[in-house]
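Participant: Before I ask anything, let me first share the structure, which is written out below as structure tokens.
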Amino acid sequence: MALHTRDGGLVMPNAWDGLSALMLADAGFEAIATSSAALATTLGRPDGRHEVTRDEHLEHARLLGRLTGLPVNGDFEDGYGDTPEDVAATVEAAVESGLAGIGIEDTSGRPDHPIRDFDEAVDRIRSAVKTAKGRIVVTGRTDNFLQGRPDLDDTIRRLTAFAEAGADVLYAPFPPDLDALVAIVAAVAPTPVNVLISPADEVLTVAELQKAGVKRISLGPALYTHAMQALDQAIKALVAGDLRTATTGISFERISELLARRTAQPQPIRRTREADSRES
């Protein structure tokens, strides 16, 4: 938790495969996260519809940690199950897999009722925290704004309840504007708040978000989609017969250099909140 409570907090980018994780580690980031959306897309499946399994996501997260030696936060959707007991099982599996953090959303995976009812959502966070026992950072997340429910009061009510249930970090992706973000930060203080890139209306700088009181900045699938945009442009160039543009990119020598570094990494070690505090 020390990374979340220090001055400025941290930027925690989301990797989607081994190479992207190694590149982020090489750039000096102190922690990384999975992205459920990016992972699902790499598997050719939709995000948030229970089409990626708990075991698949755990194996993915273990890979990122094994290659980099960095603390990994798992973006674990709704906790992979319908009941609080299912959420507890997912948290325990994440702890056993050596993850440093886990995010639990109030989503349901059901298009007709995408956000779980208040009491159910809180019960699931409470179960996650009870199981965590301080061994892993638990992020309580509401997806109201992402699911077309622009209710700031309900969002704050949910986040406040998640904090009271013991969540270590709180998260509501894409509040409508900076004022809404500041209101969330103030309402749940001193619990750290994560923001996904920025408020919905404007992309701010890291410094501006820190000034607003944000303690953790994640990017979700943004780096992945940035890479896919480059691929899309290369494909269009290839279709047009432009081989030079289509084949301009990171050198394979650079890739080989990054991959070679993984052999120098220590064996996977469990990163608990206490270890995070001692080492940060």
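Please note that chains go A, B, ... in the order of the structure tokens, that every chain numbers its residues from 1, and that ligands are numbered from 1 in the order shown.
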Please give the complete set of residues from segment 3-249 of chain A that DSSP, run on the backbone, assigns to alpha helix (DSSP H), formatted as an NGL selection string.
Facilitator: :A and (3-5 or 18-26 or 36-42 or 54-68 or 84-96 or 118-132 or 152-164 or 178-188 or 206-211 or 222-239 or 243-246)
Participant: Quick one: residues within 12 Å of segment 96-99 of chain A, only C-alpha atoms, excluding same-chain residues fewer than 3 positions away - as a VMD selection string?
Facilitator: chain A and resid 31 to 34 54 to 55 57 to 66 69 to 76 89 to 93 102 to 103 131 to 132 135 to 138 267 to 273 275 to 276
Participant: Considering only C-alpha atoms, return as a ChimeraX atom specification whatever protein or nucleic-acid residues lie within 10 Å of Ile125 of chain A, sequence-local ones (same chain, fewer than 2 positions apart) excluded.
Facilitator: /A:78-79,84,87-88,103-106,120-123,127-131,138-141,161-167
Participant: Kindly save the residues from that selection, with C-alpha atoms included, as a PDB file, in the first residue's frame.
Facilitator:
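Saved file result-v2.pdb follows:
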ATOM      1  CA  ASP A  78     -16.752  -9.008 -10.973  1.00  0.00           C
ATOM      2  CA  GLY A  79     -14.607 -11.545  -9.152  1.00  0.00           C
ATOM      3  CA  PRO A  84     -19.735 -13.555  -2.407  1.00  0.00           C
ATOM      4  CA  VAL A  87     -15.491 -13.733  -5.030  1.00  0.00           C
ATOM      5  CA  ALA A  88     -13.731 -15.045  -1.930  1.00  0.00           C
ATOM      6  CA  GLY A 103      -9.960  -5.284  -8.441  1.00  0.00           C
ATOM      7  CA  ILE A 104     -13.583  -6.327  -7.894  1.00  0.00           C
ATOM      8  CA  GLU A 105     -16.327  -4.545  -9.862  1.00  0.00           C
ATOM      9  CA  ASP A 106     -20.045  -4.211  -9.178  1.00  0.00           C
ATOM     10  CA  GLU A 120     -25.144  -7.280  -3.275  1.00  0.00           C
ATOM     11  CA  ALA A 121     -22.223  -5.183  -4.519  1.00  0.00           C
ATOM     12  CA  VAL A 122     -21.191  -4.251  -0.977  1.00  0.00           C
ATOM     13  CA  ASP A 123     -21.476  -7.847   0.246  1.00  0.00           C
ATOM     14  CA  SER A 127     -16.252 -10.945   1.220  1.00  0.00           C
ATOM     15  CA  ALA A 128     -13.162  -9.994  -0.791  1.00  0.00           C
ATOM     16  CA  VAL A 129     -11.710  -7.982   2.083  1.00  0.00           C
ATOM     17  CA  LYS A 130     -12.458 -10.692   4.650  1.00  0.00           C
ATOM     18  CA  THR A 131     -10.661 -13.250   2.520  1.00  0.00           C
ATOM     19  CA  VAL A 138      -8.373  -4.933  -2.697  1.00  0.00           C
ATOM     20  CA  THR A 139      -9.800  -2.320  -5.069  1.00  0.00           C
ATOM     21  CA  GLY A 140     -13.555  -1.764  -4.890  1.00  0.00           C
ATOM     22  CA  ARG A 141     -14.892  -0.508  -8.208  1.00  0.00           C
ATOM     23  CA  ALA A 161     -19.719   1.674   1.336  1.00  0.00           C
ATOM     24  CA  PHE A 162     -16.833  -0.210  -0.286  1.00  0.00           C
ATOM     25  CA  ALA A 163     -14.411   1.780   1.878  1.00  0.00           C
ATOM     26  CA  GLU A 164     -16.459   1.026   5.002  1.00  0.00           C
ATOM     27  CA  ALA A 165     -16.356  -2.646   4.033  1.00  0.00           C
ATOM     28  CA  GLY A 166     -12.555  -2.427   4.052  1.00  0.00           C
ATOM     29  CA  ALA A 167     -11.533  -1.850   0.429  1.00  0.00           C
TER      30      ALA A 167
END
Participant: Going by DSSP on the backbone, which residues of segment 39-264 of chain A come out as strand (DSSP E)? List them as a list in words.
Facilitator: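 DSSP on the backbone gives strand (DSSP E) at Val72, Asn73, Gly74, Asp75, Gly101, Ile102, Gly103, Ile104, Glu105, Val137, Val138, Thr139, Gly140, Arg141, Val169, Leu170, Tyr171, Val193, Asn194, Val195, Leu196, Arg216, Ile217 and Ser218 of chain A.
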Participant: Any idea what's packed within 8 Å of segment 148-152 of chain A, counting only C-alpha atoms, ignoring anything in its chain fewer than 4 positions away? Could you give it as an mmCIF file with N, CA and C atoms, in the first residue's frame?
Facilitator:
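This is the output file part_13.cif:
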data_model
loop_
_atom_site.group_PDB
_atom_site.id
_atom_site.type_symbol
_atom_site.label_atom_id
_atom_site.label_comp_id
_atom_site.auth_asym_id
_atom_site.auth_seq_id
_atom_site.Cartn_x
_atom_site.Cartn_y
_atom_site.Cartn_z
ATOM 1 N N ASN A 144 -20.715 2.424 -12.696
ATOM 2 C CA ASN A 144 -21.892 3.230 -13.025
ATOM 3 C C ASN A 144 -21.693 4.042 -14.301
ATOM 4 N N ILE A 156 -20.816 7.726 -5.392
ATOM 5 C CA ILE A 156 -20.155 8.046 -4.122
ATOM 6 C C ILE A 156 -20.691 7.157 -3.005
ATOM 7 N N PRO A 176 -17.655 12.128 -15.045
ATOM 8 C CA PRO A 176 -17.930 13.018 -16.170
ATOM 9 C C PRO A 176 -16.961 14.178 -16.331
ATOM 10 N N ALA A 180 -16.467 16.235 -10.665
ATOM 11 C CA ALA A 180 -16.987 14.963 -10.156
ATOM 12 C C ALA A 180 -15.861 14.131 -9.552
#
Participant: Might you pull out every residue within 9 Å of Ala21 of chain A, with only C-alpha atoms counted and same-chain residues fewer than 2 positions away left off, and present them as a VMD selection string?
Facilitator: chain A and resid 14 to 19 23 to 26 32 to 33 64 to 65 67 to 68
Participant: Grab the atom CA of Ala222 of chain A to atom CA of His4 of chain A distance for me, in Å with one decimal place.
Facilitator: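 Atom CA of His4 of chain A lies 21.5 Å from atom CA of Ala222 of chain A.
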